[in-house]
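Asks: Dropping a structure here in structure tokens format, bear with me for questions.
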Amino acid sequence: MIQSNLDCRPLLKINRCQLLCSAALMAFLPIILMASNENSEIIRFEEIAAKAQVRHVHKTRQFPGKKADVLEMFTSGGSSVAVADFNNDGFEDLFVTSSDTGAENRLYKNNGDMTFTDVSEQAGVTGGNDPLSIVADAVWFDYDNDGWRDLLVARFGTPLLYHNEGYGKFKDVTARTGMNRFGNTISAIAFDYDNDGHLDVLFGNYFPPENLIELKDPHVLPNNLDNAVNGGGASLWRGNGDGTFLDVTKKAGLDNQMGWILDAGHADFNNDGHQDIYLAGDYGTDRLYFNNGDGTFRDLTEAAMGFDTKKGMNAETGDFNNDGWMDVYVTNITDEYMKECNMLWQNNGGETFTDVSKETGTCNTLWGWAAKFGDYDNDGWLDIFAVNGLRSASDDNYIPVLVNMITAPGMDFTDVNNWPDIGEMSWSGYQKKKMFRNLGGQAFKEISAAAGVDNNLDGRGLGQGDFDNDGLLDFYQVNANQPALFYRNITQEAGNWIELKLIGSKSNKDAIGARVTLSAGGRTWISEVNGGNGYAGQSTTRLHFGLGSLGSLGSLGSVEIRWPSGQVDKVTVPVNQITTIEEAKGVVSK
Amino acid sequence: MRKRAFLAGLLIMMICLTVIADHAVAADPAAAMAEMEPLLNKEPDNLQLGARYRQAAIQAAQYDRCIEFYQKLIELRPDASNVRLNFGFAYVDKIPAAGSITQVILANNALTEFTKSLEIKPSWLGYYTRGNSYLFWPRIFGRTALGIKDLEEAMKIQQAEAKRPYHVRTYVALGDGYWKMDELDKAKSVWTEGLKQFPGHAGLQARLSKQGDELKSVMDEAYDPNLRIDTSLEELWAK
């Protein structure tokens, strides 16, 4: 109604009309936001994996020997997705993993029309599931800053690194990486912890570093189911920019815990220009490390949020309440037999956090795995999509069988031989996925059924991106031992948007760690480019902002980019467009 | 005469112990535990003192110390039903402070002790306590029916006694048990009878005034292992 009276769209610089528009908008902003928040069922997705030719079926590793069943159950992750525009054609592509012996990973090239072509064989990136290694995660990152994203495949084993040769082919450069320390890695992220312009790699390791396929000692399972200290911990590898990496875990101060790490996330939590780390730990305590800015971290877990005993599965970051501080969303296990509740860590403005999951209605996603922040209706508030479900099989339930073992006096949980076989039983299976629509930063409403995303597959990872460049976030859901799903966002009455592709020059080329502050219509948002936050799924590095009704004025969004190098650029960008910004150069193309 | 004098002396001693315990707990719960431990060693089956010892442990957050103390006390008096009860409650007291899987282990240990207590000496308190504990287990474990059986036994005992304020607990829990077994009519019948016997009881009113998801929310909160329940047993001694 404001626009019809004051048409400012042709104006590209501030003038009287625009000021009037802004003033009017500010006056009506609460009404606009309220109207937007009342309509909680506008978000809609359609599942198009088959039509898009990306219905990849993950295969869980089958183990040999007497306790194959138990080990398969414990390693039922490994289904992951990584999103990036690997061929620089302007469309986001997909890399998805499998885990069984000889099972192949797949690279799907986006054709630009929401169909994809499987180019895995030509690219040479199908491998990794050899008899002694299990593929578990993947992350795209341009380690040598040549402008082409390279691919790291994390494994229960040692990682693989593929160099992007720039013409649709990749070269296996694993042998020279130096990353030859065995680990049961389930999570990998890439970021520049020391802001030297070269991307580094952080691994979250689940089991202790024993090869589960050639099991010599059966005592490889958690030594405490609420506070285990015999997991794989985290390992940090400093990138030299030439494809070699140096293990700096100890030097950086990340060797003080040996949790069962399932996910790692990074963000600048205290707004000091350095990337901090959140580790989500299964069977016990998550960890929060603040970056000292000198190549080391300090563990502030206890002071910042306290020690928990939950089953941390996911570490996603974002500013859900638009207060200018990065928050964290962690999934745990909440089910009939276990009432953990997730953790939505609201950043208190520096180095402490408050869990507001109960207050905001984001507590229960059942047996949680990946969860992502994303503004699915472009109303200016980050929504959440969370996948869940461990194992969907027969009607028989594994839990009573398991509890008999757990409650047996003197039980040694570490011994794989003590765990009962699961056979065809289900364990937290057939769970409906959860989508939470953000109602203005204070509360969320669960809308998965109305949004068309309440599938009941055994979800694991999520990769988000705007795959058709229409300004709406789509996502790809990978599942354990089941086909993947591809959800296209078909929300009809979505708000306006801005998408930013950042290119570092002094900073790392992928601009991972860059902080963008967007101002439009009197409102401000922040976002950061991340290198794979969230369990088993890397989303696009393109930053997406929903603007609600603000952009309908045709106004420009004012953007400040704080690059990892410390360089600060200020530009203006048009709404409803994808804009590319290069460090120290500004807007370089649409 | 001698018996009467002995009982009077015992009563005075118990009152003194309780006063000492109350005083000490408020000031320094950990120190109060240290004061009560030798007293409990002398009087292991003293239900009231044992309960106050546990309350001190809760205040001091020294759950493991409490459990270990009762473990030793059991070795001294394996045949004492109240020691078993307090031992079971010591596990229960730790549950809200424990991780989700440790909660299961603690709850199971508590049930073991409550069963042993009943085997030694059946009582209203024993049946109510074990029956109510079974209700905390999700239905998939098949323990809800066992809980109902115990609570029906507790109901029989209390109906044969003079009415006491704490008897309302059985009406609440038995109705809850039926609700958990999807026997809503039976649940409502028990809650209604309870409200007739104990007019104005908030828990019963809440259950009878709600249905569907709202009633489920009441149940979820009542049986949330992360929320501390009152195990002080103070109602037993309330005038």
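Note on naming: chains are A, B, ... as they come in the structure tokens, residues start from 1 per chain, ligands start from 1 in the order shown.
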Find the residues in chain B near chain A: any atom within 10 Å counts, using only C-alpha atoms. Write them as a list in words.
Replies: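 Here is what falls inside 10 Å: Ala97, Ala98, Gly99, Ser100, Ile101, Thr102, Gln103, Val104, Ile105, Leu106, Ala107, Asn108, Asn109, Phe136, Trp137, Pro138, Arg139, Ile140, Phe141, Gly142, Asp224, Pro225 and Asn226 of chain B.
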Asks: From a backbone DSSP assignment, name each residue in segment 143-200 of chain B labelled alpha helix (DSSP H), as an NGL selection string.
Replies: :B and (144-159 or 168-180 or 184-197)
Asks: What gap, in Å, lies between atom CA of Ala584 of chain A and atom CA of Gln567 of chain A?
Replies: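 According to the coordinates, atom CA of Ala584 of chain A and atom CA of Gln567 of chain A are separated by 7.3 Å.
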Asks: What does the structure give for the distance between atom CA of Ala82 of chain A and atom CA of Ala536 of chain A, in Å to one decimal?
Replies: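 Separating atom CA of Ala82 of chain A from atom CA of Ala536 of chain A is a distance of 8.1 Å.
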Asks: So what do you get for atom CA of Arg143 of chain B versus atom CA of Gly212 of chain B, distance-wise?
Replies: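 If I compute the distance from atom CA of Arg143 of chain B to atom CA of Gly212 of chain B, I get 22.8 Å.
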Asks: Rank B:Met181, B:Ala154, B:Ala173, B:Ala222 by their smallest atom-to-atom distance to Pro122 of chain B, using only C-alpha atoms, and report the top residue only.
Replies: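 For Pro122 of chain B, the nearest of the given residues is B:Ala154.
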Asks: Hey, what's within 9 Å of Gln48 of chain B if we count only C-alpha atoms and toss same-chain stuff fewer than 3 positions away? As a list in words, please?
Replies: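 The neighbour list is Met14, Thr18, Asp45, Ala51, Arg52, Tyr53, Ser232, Leu233, Glu234, Leu236 and Trp237 of chain B.
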Asks: Rank nothing, just name the residue among A:Asn455, A:Thr579, A:Asn111, A:Ser235 nearest to Leu500 of chain A, using only C-alpha atoms.
Replies: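 Closest residue, counting only C-alpha atoms: A:Thr579.
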Asks: Select, from B:Leu174, B:Ala160, B:Leu204, B:Val168, the residue with the minimum atom-to-atom distance to Arg130 of chain B, counting only C-alpha atoms.
Replies: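 So, comparing all the options, the nearest one is B:Leu174.
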Asks: For each of B:Ile67, B:Val172, B:Ala61, B:Val83, take the minimum atom-to-atom distance to Leu49 of chain B, counting only C-alpha atoms, then give the residue where this is smallest.
Replies: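 Using only C-alpha atoms, Leu49 of chain B sits closest to B:Val83.
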